[in-house]
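Structure file final.txt; described as compact mmCIF, C-alpha atoms and all ligand atoms.
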```txt
# COMPACT_ATOMS: atom_id res chain seq x y z
CA MET A 1 -14.92 -16.82 13.36
CA SER A 2 -15.27 -13.02 13.55
CA TRP A 3 -14.56 -10.53 10.75
CA GLN A 4 -11.36 -9.62 12.59
CA GLU A 5 -10.11 -13.20 12.79
CA LEU A 6 -10.83 -13.91 9.12
CA PRO A 7 -7.46 -14.39 7.34
CA LYS A 8 -6.69 -11.46 5.03
CA ILE A 9 -4.20 -10.50 2.37
CA GLU A 10 -3.18 -6.86 1.94
CA LEU A 11 -1.42 -5.63 -1.20
CA HIS A 12 -1.34 -1.84 -0.72
CA LEU A 13 0.11 -0.45 2.50
CA HIS A 14 2.61 2.42 2.90
CA LEU A 15 5.02 1.65 5.75
CA GLU A 16 5.25 5.23 7.07
CA GLY A 17 1.54 5.74 6.42
CA ALA A 18 0.76 2.82 8.72
CA ALA A 19 2.78 4.27 11.62
CA PRO A 20 0.76 4.29 14.86
CA PRO A 21 0.47 7.95 15.98
CA ASP A 22 1.81 7.02 19.44
CA LEU A 23 5.03 5.69 17.93
CA ILE A 24 5.53 8.87 15.89
CA ARG A 25 4.88 10.99 19.01
CA ARG A 26 7.44 8.95 20.96
CA MET A 27 10.05 9.30 18.21
CA ALA A 28 9.36 13.05 17.93
CA LYS A 29 9.86 13.43 21.69
CA GLU A 30 13.13 11.48 21.59
CA ARG A 31 14.38 13.86 18.89
CA ALA A 32 12.84 17.01 20.41
CA VAL A 33 10.83 17.65 17.23
CA ASN A 34 7.61 19.66 17.52
CA LEU A 35 4.87 17.84 15.61
CA SER A 36 1.90 19.71 17.06
CA ARG A 37 0.50 20.44 13.60
CA VAL A 38 0.53 16.76 12.63
CA PHE A 39 -1.93 15.67 15.33
CA ALA A 40 -5.49 16.61 16.31
CA GLU A 41 -6.44 17.05 19.97
CA ASP A 42 -7.60 13.45 20.20
CA GLY A 43 -4.11 12.32 19.15
CA SER A 44 -4.99 11.21 15.60
CA TYR A 45 -3.33 12.53 12.43
CA VAL A 46 -4.96 15.68 11.03
CA PHE A 47 -5.06 17.04 7.45
CA ASP A 48 -7.42 19.03 5.19
CA ASP A 49 -6.95 17.55 1.71
CA PHE A 50 -4.62 15.34 -0.33
CA ALA A 51 -1.81 17.90 -0.72
CA HIS A 52 -1.95 18.60 3.02
CA PHE A 53 -2.08 14.86 3.75
CA LEU A 54 1.20 14.43 1.87
CA GLN A 55 2.77 17.29 3.89
CA VAL A 56 1.61 15.82 7.21
CA TYR A 57 2.77 12.36 6.08
CA GLU A 58 6.24 13.67 5.27
CA ALA A 59 6.45 15.69 8.51
CA ALA A 60 5.61 12.56 10.54
CA THR A 61 8.06 10.50 8.45
CA GLY A 62 10.79 13.05 9.27
CA VAL A 63 11.13 11.67 12.81
CA ILE A 64 11.72 8.07 11.60
CA ARG A 65 15.43 8.39 10.91
CA THR A 66 17.70 5.44 11.57
CA PRO A 67 17.56 1.80 10.46
CA GLU A 68 16.67 0.94 14.08
CA ASP A 69 13.75 3.41 13.87
CA TYR A 70 12.54 1.60 10.76
CA ALA A 71 12.86 -1.73 12.56
CA ARG A 72 10.66 -0.37 15.39
CA LEU A 73 8.17 0.94 12.85
CA THR A 74 8.06 -2.38 10.98
CA ARG A 75 7.46 -4.32 14.20
CA ALA A 76 4.63 -1.99 15.23
CA VAL A 77 2.97 -2.04 11.80
CA LEU A 78 3.13 -5.82 11.44
CA GLU A 79 1.74 -6.37 14.95
CA GLN A 80 -1.11 -4.02 14.08
CA SER A 81 -1.81 -5.85 10.80
CA ALA A 82 -1.59 -9.32 12.39
CA GLU A 83 -4.16 -8.20 14.96
CA GLN A 84 -6.55 -7.56 12.06
CA GLY A 85 -6.12 -11.08 10.71
CA VAL A 86 -3.67 -10.13 7.96
CA VAL A 87 -1.53 -13.17 7.08
CA TYR A 88 0.35 -11.61 4.15
CA THR A 89 1.16 -7.98 3.46
CA GLU A 90 3.01 -6.24 0.63
CA VAL A 91 4.40 -2.99 1.96
CA PHE A 92 5.59 0.08 0.05
CA LEU A 93 9.14 1.01 1.10
CA SER A 94 10.77 4.27 0.04
CA PRO A 95 14.58 4.50 -0.31
CA ASP A 96 14.00 8.28 -0.55
CA PHE A 97 13.04 8.22 3.14
CA CYS A 98 15.41 5.35 4.00
CA GLY A 99 18.85 6.78 3.27
CA GLY A 100 17.93 9.54 0.80
CA GLY A 101 18.26 7.29 -2.26
CA ASP A 102 21.85 6.22 -1.46
CA LEU A 103 22.23 2.51 -2.28
CA GLY A 104 24.61 1.67 0.58
CA ALA A 105 22.38 3.36 3.13
CA TRP A 106 19.25 1.76 1.62
CA ARG A 107 20.82 -1.70 2.10
CA GLU A 108 21.24 -0.97 5.83
CA TYR A 109 17.61 0.18 6.21
CA LEU A 110 16.41 -2.81 4.24
CA GLN A 111 18.36 -5.22 6.41
CA ALA A 112 16.82 -3.71 9.56
CA ILE A 113 13.30 -3.87 8.07
CA ARG A 114 13.79 -7.47 6.95
CA GLU A 115 15.07 -8.56 10.36
CA ALA A 116 12.03 -6.97 12.01
CA ALA A 117 9.74 -8.68 9.49
CA ALA A 118 11.35 -12.07 10.12
CA ALA A 119 10.83 -11.59 13.88
CA ALA A 120 7.16 -10.65 13.31
CA GLU A 121 6.68 -13.75 11.17
CA ARG A 122 8.08 -15.90 13.98
CA SER A 123 6.01 -14.25 16.71
CA HIS A 124 2.75 -13.41 14.87
CA GLY A 125 2.80 -15.61 11.76
CA ILE A 126 2.43 -12.63 9.41
CA VAL A 127 4.42 -12.73 6.15
CA MET A 128 5.72 -9.46 4.69
CA ARG A 129 7.25 -8.63 1.32
CA GLY A 130 8.47 -5.22 0.10
CA ILE A 131 7.66 -3.08 -2.93
CA VAL A 132 10.26 -0.36 -3.49
CA THR A 133 8.40 2.83 -4.26
CA CYS A 134 9.39 6.08 -5.89
CA ILE A 135 7.55 9.26 -5.00
CA ARG A 136 5.99 11.03 -7.93
CA HIS A 137 6.33 14.60 -6.68
CA PHE A 138 10.06 14.05 -6.10
CA GLY A 139 10.28 13.88 -9.91
CA PRO A 140 11.58 11.53 -12.63
CA TYR A 141 15.27 12.13 -11.90
CA THR A 142 14.93 10.91 -8.29
CA SER A 143 12.82 7.96 -9.47
CA ARG A 144 15.82 6.63 -11.43
CA GLN A 145 17.93 6.43 -8.29
CA THR A 146 15.03 4.72 -6.49
CA ALA A 147 14.68 2.20 -9.32
CA ARG A 148 18.41 1.43 -9.10
CA CYS A 149 17.95 0.70 -5.38
CA ALA A 150 15.05 -1.59 -6.30
CA ALA A 151 16.97 -3.36 -9.07
CA ASP A 152 20.00 -3.93 -6.81
CA THR A 153 17.99 -5.38 -3.92
CA GLY A 154 15.16 -7.10 -5.81
CA GLY A 155 14.62 -10.84 -5.40
CA ASP A 156 12.51 -13.09 -3.22
CA TRP A 157 11.82 -10.36 -0.62
CA ILE A 158 11.76 -7.09 -2.55
CA VAL A 159 9.27 -8.35 -5.09
CA GLY A 160 8.02 -5.21 -6.81
CA PHE A 161 8.51 -1.60 -7.80
CA GLY A 162 5.85 1.08 -7.58
CA MET A 163 5.05 4.76 -7.47
CA GLY A 164 3.04 6.79 -4.95
CA GLY A 165 2.89 10.49 -4.21
CA ASN A 166 1.04 13.34 -5.84
CA GLU A 167 -0.75 11.93 -8.87
CA THR A 168 -1.56 15.36 -10.22
CA MET A 169 2.13 16.11 -10.94
CA GLY A 170 3.63 15.11 -14.30
CA ARG A 171 2.54 12.12 -16.35
CA GLN A 172 3.00 8.41 -15.71
CA GLY A 173 5.23 8.16 -18.79
CA ASP A 174 7.74 10.62 -17.27
CA PHE A 175 8.73 7.71 -15.01
CA ALA A 176 9.10 5.06 -17.74
CA TRP A 177 12.89 4.80 -17.33
CA ALA A 178 12.51 3.78 -13.68
CA PHE A 179 9.78 1.23 -14.44
CA ASP A 180 11.78 -0.24 -17.36
CA CYS A 181 14.84 -0.56 -15.10
CA ALA A 182 12.79 -2.36 -12.42
CA ARG A 183 11.09 -4.63 -14.98
CA GLU A 184 14.46 -5.62 -16.45
CA ALA A 185 15.60 -6.56 -12.94
CA GLY A 186 12.67 -9.00 -12.74
CA LEU A 187 10.42 -6.94 -10.46
CA LYS A 188 6.64 -6.78 -10.77
CA LEU A 189 5.12 -3.32 -11.20
CA THR A 190 2.35 -1.18 -9.76
CA THR A 191 1.57 2.54 -9.76
CA HIS A 192 -1.01 4.79 -8.14
CA ALA A 193 -3.46 5.81 -10.87
CA GLY A 194 -7.10 6.75 -11.05
CA GLU A 195 -7.14 7.71 -7.37
CA PHE A 196 -7.32 11.50 -7.82
CA ALA A 197 -6.47 11.69 -11.52
CA GLY A 198 -9.05 10.61 -14.09
CA PRO A 199 -9.31 7.41 -16.14
CA ASP A 200 -6.67 8.58 -18.60
CA SER A 201 -4.08 8.17 -15.82
CA VAL A 202 -5.00 4.47 -15.73
CA ARG A 203 -4.60 4.27 -19.51
CA GLN A 204 -1.17 5.92 -19.21
CA ALA A 205 -0.15 3.46 -16.49
CA LEU A 206 -1.03 0.53 -18.77
CA ASP A 207 0.47 2.00 -21.95
CA ASP A 208 3.53 3.83 -20.66
CA LEU A 209 4.56 1.89 -17.55
CA ARG A 210 3.11 -1.55 -18.43
CA VAL A 211 2.22 -2.29 -14.84
CA ASP A 212 0.89 -5.58 -13.47
CA ARG A 213 -1.39 -3.88 -10.93
CA ILE A 214 -2.87 -0.44 -10.34
CA GLY A 215 -2.97 1.30 -6.95
CA HIS A 216 -6.59 2.44 -6.45
CA GLY A 217 -7.88 2.80 -10.05
CA GLY A 218 -11.40 3.75 -8.92
CA ARG A 219 -11.79 6.52 -11.47
CA ALA A 220 -11.47 3.94 -14.27
CA ILE A 221 -15.24 3.62 -13.81
CA GLU A 222 -15.65 6.94 -15.68
CA ASP A 223 -14.46 5.38 -18.97
CA ALA A 224 -16.18 2.21 -20.24
CA ALA A 225 -13.29 1.40 -22.60
CA ILE A 226 -10.81 1.39 -19.70
CA VAL A 227 -13.11 -0.76 -17.59
CA LYS A 228 -13.33 -3.27 -20.45
CA ARG A 229 -9.56 -3.19 -20.95
CA LEU A 230 -8.94 -3.89 -17.25
CA ALA A 231 -11.45 -6.74 -17.31
CA ASP A 232 -10.00 -8.22 -20.52
CA THR A 233 -6.35 -8.01 -19.46
CA GLY A 234 -6.87 -9.06 -15.84
CA VAL A 235 -4.82 -6.15 -14.45
CA VAL A 236 -5.65 -6.10 -10.75
CA LEU A 237 -6.79 -3.04 -8.80
CA GLU A 238 -5.44 -2.53 -5.27
CA MET A 239 -8.52 -0.66 -4.03
CA CYS A 240 -8.58 1.21 -0.74
CA PRO A 241 -12.22 2.26 -0.26
CA GLY A 242 -11.83 3.65 3.27
CA SER A 243 -8.89 5.80 2.17
CA ASN A 244 -10.88 7.19 -0.77
CA VAL A 245 -13.90 7.99 1.41
CA ALA A 246 -11.69 9.63 4.08
CA MET A 247 -10.06 11.76 1.36
CA GLY A 248 -13.51 12.95 0.26
CA LEU A 249 -13.45 11.27 -3.17
CA TYR A 250 -16.75 9.51 -2.42
CA PRO A 251 -19.39 10.49 0.13
CA GLY A 252 -19.53 6.96 1.60
CA MET A 253 -18.86 3.26 0.95
CA ARG A 254 -22.06 2.83 -1.08
CA ALA A 255 -20.86 5.44 -3.56
CA HIS A 256 -17.47 3.73 -4.00
CA PRO A 257 -16.99 2.16 -7.47
CA ILE A 258 -15.51 -1.13 -6.18
CA ALA A 259 -18.77 -3.07 -6.56
CA LYS A 260 -19.49 -1.74 -10.07
CA LEU A 261 -15.95 -2.53 -11.20
CA ARG A 262 -16.18 -6.02 -9.74
CA GLY A 263 -19.55 -6.47 -11.44
CA ALA A 264 -17.97 -5.48 -14.76
CA GLY A 265 -15.41 -8.28 -14.40
CA VAL A 266 -12.46 -6.22 -13.16
CA LYS A 267 -10.23 -7.99 -10.63
CA VAL A 268 -10.44 -5.96 -7.43
CA THR A 269 -8.74 -6.37 -4.06
CA VAL A 270 -9.06 -4.51 -0.74
CA SER A 271 -6.36 -2.70 1.25
CA THR A 272 -6.07 0.13 3.78
CA ASP A 273 -3.35 2.41 2.24
CA ASP A 274 -2.44 4.44 5.39
CA PRO A 275 -4.78 3.02 8.06
CA PRO A 276 -4.28 5.37 11.05
CA PHE A 277 -4.51 8.43 8.79
CA PHE A 278 -7.87 7.25 7.49
CA ARG A 279 -9.12 5.70 10.75
CA THR A 280 -9.46 2.32 9.13
CA THR A 281 -8.29 -1.28 9.47
CA MET A 282 -8.63 -4.31 7.19
CA THR A 283 -11.47 -5.51 9.42
CA ARG A 284 -13.34 -2.19 9.08
CA GLU A 285 -12.86 -2.24 5.29
CA PHE A 286 -14.54 -5.63 4.97
CA GLU A 287 -17.26 -4.82 7.48
CA GLY A 288 -18.01 -1.58 5.60
CA LEU A 289 -18.10 -3.33 2.21
CA ALA A 290 -20.34 -6.10 3.54
CA ARG A 291 -22.79 -3.50 4.87
CA ALA A 292 -22.70 -1.30 1.78
CA PHE A 293 -23.00 -4.01 -0.88
CA ASP A 294 -24.49 -6.90 1.04
CA TRP A 295 -21.33 -8.92 0.53
CA ASP A 296 -20.95 -12.09 2.57
CA GLU A 297 -18.15 -14.48 3.42
CA THR A 298 -18.19 -15.96 -0.09
CA ASP A 299 -17.53 -12.51 -1.57
CA VAL A 300 -14.77 -11.85 0.95
CA ALA A 301 -13.18 -15.23 0.23
CA ALA A 302 -13.28 -14.43 -3.52
CA LEU A 303 -11.60 -11.05 -2.97
CA THR A 304 -8.94 -12.68 -0.80
CA ARG A 305 -8.34 -15.33 -3.46
CA THR A 306 -7.88 -12.59 -6.09
CA ALA A 307 -5.38 -10.88 -3.78
CA LEU A 308 -3.44 -14.12 -3.29
CA ASP A 309 -3.26 -14.70 -7.06
CA ALA A 310 -2.17 -11.08 -7.64
CA ALA A 311 0.50 -11.08 -4.91
CA PHE A 312 4.02 -10.49 -6.22
CA CYS A 313 5.66 -13.19 -4.05
CA ASP A 314 6.89 -16.55 -5.37
CA ALA A 315 4.81 -19.69 -5.88
CA ALA A 316 6.12 -21.47 -2.77
CA THR A 317 5.06 -18.55 -0.54
CA LYS A 318 1.64 -18.48 -2.22
CA LYS A 319 1.19 -22.18 -1.56
CA ARG A 320 2.01 -21.67 2.12
CA LEU A 321 -0.54 -18.82 2.28
CA GLU A 322 -3.16 -20.84 0.45
CA ASP A 323 -2.93 -23.51 3.16
CA ARG A 324 -3.41 -20.84 5.85
CA LEU A 325 -6.45 -19.37 4.10
CA LYS A 326 -8.08 -22.80 3.92
CA THR A 327 -8.05 -23.16 7.69
CA GLY A 328 -10.31 -20.25 8.48
CA THR A 329 -12.80 -18.59 6.18
CA GLU A 330 -16.17 -19.07 7.83
CA LEU A 331 -18.06 -16.26 9.52
CA PRO A 332 -20.72 -16.84 12.22
N1 LIG A 401 1.45 7.95 -0.26
C1 LIG A 401 0.90 7.52 0.87
N2 LIG A 401 -0.43 7.39 0.70
C2 LIG A 401 -0.72 7.75 -0.57
C3 LIG A 401 -1.90 7.82 -1.34
N3 LIG A 401 -3.08 7.48 -0.82
N4 LIG A 401 -1.81 8.24 -2.60
C4 LIG A 401 -0.62 8.57 -3.11
N5 LIG A 401 0.52 8.51 -2.43
C5 LIG A 401 0.48 8.11 -1.17
ZN ZN A 402 -1.35 4.35 -1.62
```
Give the structure from the file, written as structure tokens.
Amino acid sequence: MSWQELPKIELHLHLEGAAPPDLIRRMAKERAVNLSRVFAEDGSYVFDDFAHFLQVYEAATGVIRTPEDYARLTRAVLEQSAEQGVVYTEVFLSPDFCGGGDLGAWREYLQAIREAAAAAERSHGIVMRGIVTCIRHFGPYTSRQTARCAADTGGDWIVGFGMGGNETMGRQGDFAWAFDCAREAGLKLTTHAGEFAGPDSVRQALDDLRVDRIGHGGRAIEDAAIVKRLADTGVVLEMCPGSNVAMGLYPGMRAHPIAKLRGAGVKVTVSTDDPPFFRTTMTREFEGLARAFDWDETDVAALTRTALDAAFCDAATKKRLEDRLKTGTELP
């Protein structure tokens, strides 16, 4: 079995951030939108830094407009993930992009996304669940509306609530109302922290938002007390090493803190974040980690097991996935 065929679980993937550039170009053409500044000459996404990345991301997202567009996007993203051996994926969905935070409109987008996911499960065997996500730089007021959308549609398919966006704006605690609302509705919680902001952002996420998982969390390594707290409490990190390297946070895989955090007893998992933006795939992440840290199939199986345990889906779905993982975990 090759690295690509190895069954994988992904917990941190932004739906719009996973959009194949060709699909975005096609949608832009259909709508007569000029996206020349979104793409490099070779056709890939182009950006200078994190703030610019978010601008390019939102410009590309601007051409994905209708529920049918989101169904096309979901199909394309799930096919892409299934090709990389992903058997289960938790995907960040943003009602701010899908209907502008209006609950009625969000329900229509969600229905289209779910139908596309059900079709992909039938054709490619990949299982998807959604995490409704507010966008930090849209501010705390908007996050309340997003949380209401999450609370109203949460259940066995929308399984979590999270926050992405520009981590340097505001504090985690500014969004506590939204996270409390989602928690009360029975949703599991995650937030981006310790990606660009320092270890105190991880502390804030634990204290003020009481999350179950942290998106990224790499900069926790700068504070031994936070590392110990993560290890002691078992809060899981959704790490995206290729994304962090592409964003210039670390000069290469070897400099990424994932191995040190794992060595300190922190539960770490591996995801791609926005794969075409960062020229990565789940296969490339594992190949890169294996090369950088001399990790073998036993390490990969352990990381995948951690991801399965940390998934927000119900026990019956986990059992089904566990059976699929058992059937193929050996590398040549
Ligand atoms: N939205 C999409 N990708 C993101 C990232 N890497 N960090 C924060 N917000 C995001
Ligand atoms: Zn992310």
What lies within 12 Å of Ile214 (chain A) using only C-alpha atoms, ignoring chain neighbours under 2 positions off, as an mmCIF file with C-alpha atoms, in the frame of the given file?
```cif
data_model
loop_
_atom_site.group_PDB
_atom_site.id
_atom_site.type_symbol
_atom_site.label_atom_id
_atom_site.label_comp_id
_atom_site.auth_asym_id
_atom_site.auth_seq_id
_atom_site.Cartn_x
_atom_site.Cartn_y
_atom_site.Cartn_z
ATOM 1 C CA LEU A 11 -1.420 -5.630 -1.200
ATOM 2 C CA HIS A 12 -1.340 -1.840 -0.720
ATOM 3 C CA PHE A 161 8.510 -1.600 -7.800
ATOM 4 C CA GLY A 162 5.850 1.080 -7.580
ATOM 5 C CA MET A 163 5.050 4.760 -7.470
ATOM 6 C CA GLY A 164 3.040 6.790 -4.950
ATOM 7 C CA GLN A 172 3.000 8.410 -15.710
ATOM 8 C CA LYS A 188 6.640 -6.780 -10.770
ATOM 9 C CA LEU A 189 5.120 -3.320 -11.200
ATOM 10 C CA THR A 190 2.350 -1.180 -9.760
ATOM 11 C CA THR A 191 1.570 2.540 -9.760
ATOM 12 C CA HIS A 192 -1.010 4.790 -8.140
ATOM 13 C CA ALA A 193 -3.460 5.810 -10.870
ATOM 14 C CA GLY A 194 -7.100 6.750 -11.050
ATOM 15 C CA GLU A 195 -7.140 7.710 -7.370
ATOM 16 C CA PRO A 199 -9.310 7.410 -16.140
ATOM 17 C CA SER A 201 -4.080 8.170 -15.820
ATOM 18 C CA VAL A 202 -5.000 4.470 -15.730
ATOM 19 C CA ARG A 203 -4.600 4.270 -19.510
ATOM 20 C CA GLN A 204 -1.170 5.920 -19.210
ATOM 21 C CA ALA A 205 -0.150 3.460 -16.490
ATOM 22 C CA LEU A 206 -1.030 0.530 -18.770
ATOM 23 C CA LEU A 209 4.560 1.890 -17.550
ATOM 24 C CA ARG A 210 3.110 -1.550 -18.430
ATOM 25 C CA VAL A 211 2.220 -2.290 -14.840
ATOM 26 C CA ASP A 212 0.890 -5.580 -13.470
ATOM 27 C CA HIS A 216 -6.590 2.440 -6.450
ATOM 28 C CA GLY A 217 -7.880 2.800 -10.050
ATOM 29 C CA GLY A 218 -11.400 3.750 -8.920
ATOM 30 C CA ARG A 219 -11.790 6.520 -11.470
ATOM 31 C CA ALA A 220 -11.470 3.940 -14.270
ATOM 32 C CA LEU A 230 -8.940 -3.890 -17.250
ATOM 33 C CA GLY A 234 -6.870 -9.060 -15.840
ATOM 34 C CA VAL A 235 -4.820 -6.150 -14.450
ATOM 35 C CA VAL A 236 -5.650 -6.100 -10.750
ATOM 36 C CA LEU A 237 -6.790 -3.040 -8.800
ATOM 37 C CA GLU A 238 -5.440 -2.530 -5.270
ATOM 38 C CA MET A 239 -8.520 -0.660 -4.030
ATOM 39 C CA CYS A 240 -8.580 1.210 -0.740
ATOM 40 C CA VAL A 266 -12.460 -6.220 -13.160
ATOM 41 C CA LYS A 267 -10.230 -7.990 -10.630
ATOM 42 C CA VAL A 268 -10.440 -5.960 -7.430
ATOM 43 C CA THR A 269 -8.740 -6.370 -4.060
ATOM 44 C CA ALA A 310 -2.170 -11.080 -7.640
#
```
Would you list the contacts of Gly100 (chain A) as a PyMOL selection string, taking every protein, DNA or RNA residue within 12 Å and counting all atoms listed in the file, but skipping same-chain residues closer than 3 positions in sequence?
chain A and resi 62+65-66+94-97+103-107+109+134-135+138+142-143+145-146+149
Taking (9.6, 6.6, 12.7) in the file's own coordinates, collect the residues within 9 Å, counting only C-alpha atoms, and hand them back as a CSV table (one decimal) with C-alpha atoms, keeping the file's coordinate frame.
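Dumped everything to result06.csv:
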```
chain,number,residue,atom,x,y,z
A,16,GLU,CA,5.2,5.2,7.1
A,19,ALA,CA,2.8,4.3,11.6
A,23,LEU,CA,5.0,5.7,17.9
A,24,ILE,CA,5.5,8.9,15.9
A,26,ARG,CA,7.4,9.0,21.0
A,27,MET,CA,10.0,9.3,18.2
A,28,ALA,CA,9.4,13.0,17.9
A,60,ALA,CA,5.6,12.6,10.5
A,61,THR,CA,8.1,10.5,8.4
A,62,GLY,CA,10.8,13.0,9.3
A,63,VAL,CA,11.1,11.7,12.8
A,64,ILE,CA,11.7,8.1,11.6
A,65,ARG,CA,15.4,8.4,10.9
A,66,THR,CA,17.7,5.4,11.6
A,69,ASP,CA,13.8,3.4,13.9
A,70,TYR,CA,12.5,1.6,10.8
A,71,ALA,CA,12.9,-1.7,12.6
A,72,ARG,CA,10.7,-0.4,15.4
A,73,LEU,CA,8.2,0.9,12.8
```
Each residue of chain A with at least one atom at most 10 Å from ligand LIG 401 (chain A) should appear once, together with its nearest atom pair and the corresponding distance in Å (one decimal); atoms considered: all atoms listed in the file; ordering: chain, then increasing residue number; output as a tab-separated table.
```
residue	atom	partner	partner_atom	distance
A:His12	CA	A:LIG401	N2	9.4
A:Leu13	CA	A:LIG401	N2	8.1
A:His14	CA	A:LIG401	C1	5.7
A:Leu15	CA	A:LIG401	C1	8.7
A:Glu16	CA	A:LIG401	C1	7.9
A:Gly17	CA	A:LIG401	C1	5.9
A:Ala18	CA	A:LIG401	C1	9.2
A:Phe50	CA	A:LIG401	N4	8.0
A:Ala51	CA	A:LIG401	C4	9.7
A:Phe53	CA	A:LIG401	N2	8.2
A:Leu54	CA	A:LIG401	N1	6.8
A:Tyr57	CA	A:LIG401	C1	7.4
A:Glu58	CA	A:LIG401	C1	9.3
A:Phe92	CA	A:LIG401	C1	8.8
A:Thr133	CA	A:LIG401	N1	9.5
A:Cys134	CA	A:LIG401	N5	9.8
A:Ile135	CA	A:LIG401	N5	7.5
A:Arg136	CA	A:LIG401	N5	8.2
A:His137	CA	A:LIG401	N5	9.4
A:Met163	CA	A:LIG401	N5	7.7
A:Gly164	CA	A:LIG401	N5	4.0
A:Gly165	CA	A:LIG401	N5	3.6
A:Asn166	CA	A:LIG401	C4	5.7
A:Glu167	CA	A:LIG401	C4	6.7
A:Thr168	CA	A:LIG401	C4	9.9
A:Thr191	CA	A:LIG401	C4	9.2
A:His192	CA	A:LIG401	C4	6.3
A:Ala193	CA	A:LIG401	C4	8.7
A:Glu195	CA	A:LIG401	N4	7.2
A:Phe196	CA	A:LIG401	N4	8.3
A:Gly215	CA	A:LIG401	N4	8.3
A:His216	CA	A:LIG401	N3	8.3
A:Cys240	CA	A:LIG401	N3	8.3
A:Ser243	CA	A:LIG401	N3	6.7
A:Asn244	CA	A:LIG401	N3	7.8
A:Met247	CA	A:LIG401	N3	8.5
A:Thr272	CA	A:LIG401	N3	9.2
A:Asp273	CA	A:LIG401	N3	5.9
A:Asp274	CA	A:LIG401	N2	5.9
A:Pro275	CA	A:LIG401	N2	9.6
A:Phe277	CA	A:LIG401	N2	9.1
A:Phe278	CA	A:LIG401	N3	9.6
```
- With a distance cut-off of 9 Å and all atoms listed in the file, select the neighbouring residues of Asp174 (chain A), excluding the residue or stretch itself and same-chain residues fewer than 4 positions from it, and output the selection as a PyMOL selection string. chain A and resi 139-140+170+208
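Taking CA of Arg129 (chain A) as the reference point, CA of Val159 (chain A) is found at 6.7 Å.
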Among A:Ala255, A:Leu303, A:Ala151, A:Ala316, Cys181 (chain A) is approached most closely, using only C-alpha atoms, by A:Ala151
From CA of Glu68 (chain A) to CA of Thr281 (chain A) the spacing works out at 25.5 Å
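Pairwise distance (CA of Arg25 (chain A), CA of Met282 (chain A)) equals 23.6 Å.
For the choices A:Glu90, A:Asp49, A:Glu83, A:Asp42, the atom-to-atom distance to ligand ZN 402 (chain A) is smallest for A:Glu90 when using all atoms listed in the file.
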Closest of A:Ala147, A:Leu78, A:Val87, A:Cys313 to Leu325 (chain A), counting all atoms listed in the file, is A:Val87
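Proximity to Arg213 (chain A) was assessed for A:Ile158, A:Val245, A:Met253, A:Ala311 counting only C-alpha atoms; the smallest distance is recorded for A:Ala311.
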**OP:** Please identify all polymer residues lying at most 12 Å from the point (-22.1, -5.2, -7.6) (file coordinates), using only C-alpha atoms, and present the result as a PyMOL selection string.
**Re:** chain A and resi 254-266+268+289-290+292-295+299
Reconstruct N, CA, C and O atoms of region 158-166 of chain A from the incomplete input and present them as an mmCIF file, in the coordinates of the input.
```
data_model
loop_
_atom_site.group_PDB
_atom_site.id
_atom_site.type_symbol
_atom_site.label_atom_id
_atom_site.label_comp_id
_atom_site.auth_asym_id
_atom_site.auth_seq_id
_atom_site.Cartn_x
_atom_site.Cartn_y
_atom_site.Cartn_z
ATOM 1 N N ILE A 158 12.238 -8.279 -1.816
ATOM 2 C CA ILE A 158 11.760 -7.090 -2.550
ATOM 3 C C ILE A 158 11.222 -7.637 -3.866
ATOM 4 O O ILE A 158 11.983 -8.064 -4.745
ATOM 5 N N VAL A 159 9.905 -7.629 -3.982
ATOM 6 C CA VAL A 159 9.270 -8.350 -5.090
ATOM 7 C C VAL A 159 8.683 -7.412 -6.147
ATOM 8 O O VAL A 159 8.268 -7.854 -7.212
ATOM 9 N N GLY A 160 8.643 -6.113 -5.846
ATOM 10 C CA GLY A 160 8.020 -5.210 -6.810
ATOM 11 C C GLY A 160 8.583 -3.808 -6.754
ATOM 12 O O GLY A 160 9.378 -3.461 -5.873
ATOM 13 N N PHE A 161 8.154 -3.020 -7.738
ATOM 14 C CA PHE A 161 8.510 -1.600 -7.800
ATOM 15 C C PHE A 161 7.216 -0.836 -8.065
ATOM 16 O O PHE A 161 6.353 -1.285 -8.838
ATOM 17 N N GLY A 162 7.086 0.322 -7.411
ATOM 18 C CA GLY A 162 5.850 1.080 -7.580
ATOM 19 C C GLY A 162 6.073 2.567 -7.481
ATOM 20 O O GLY A 162 7.201 3.039 -7.314
ATOM 21 N N MET A 163 4.969 3.301 -7.600
ATOM 22 C CA MET A 163 5.050 4.760 -7.470
ATOM 23 C C MET A 163 3.818 5.268 -6.703
ATOM 24 O O MET A 163 2.673 4.926 -7.025
ATOM 25 N N GLY A 164 4.112 6.103 -5.668
ATOM 26 C CA GLY A 164 3.040 6.790 -4.950
ATOM 27 C C GLY A 164 3.249 8.288 -5.084
ATOM 28 O O GLY A 164 3.924 8.729 -6.004
ATOM 29 N N GLY A 165 2.686 9.046 -4.176
ATOM 30 C CA GLY A 165 2.890 10.490 -4.210
ATOM 31 C C GLY A 165 1.802 11.214 -4.983
ATOM 32 O O GLY A 165 0.754 10.641 -5.289
ATOM 33 N N ASN A 166 2.076 12.478 -5.275
ATOM 34 C CA ASN A 166 1.040 13.340 -5.840
ATOM 35 C C ASN A 166 0.772 13.054 -7.317
ATOM 36 O O ASN A 166 1.548 13.423 -8.197
#
```
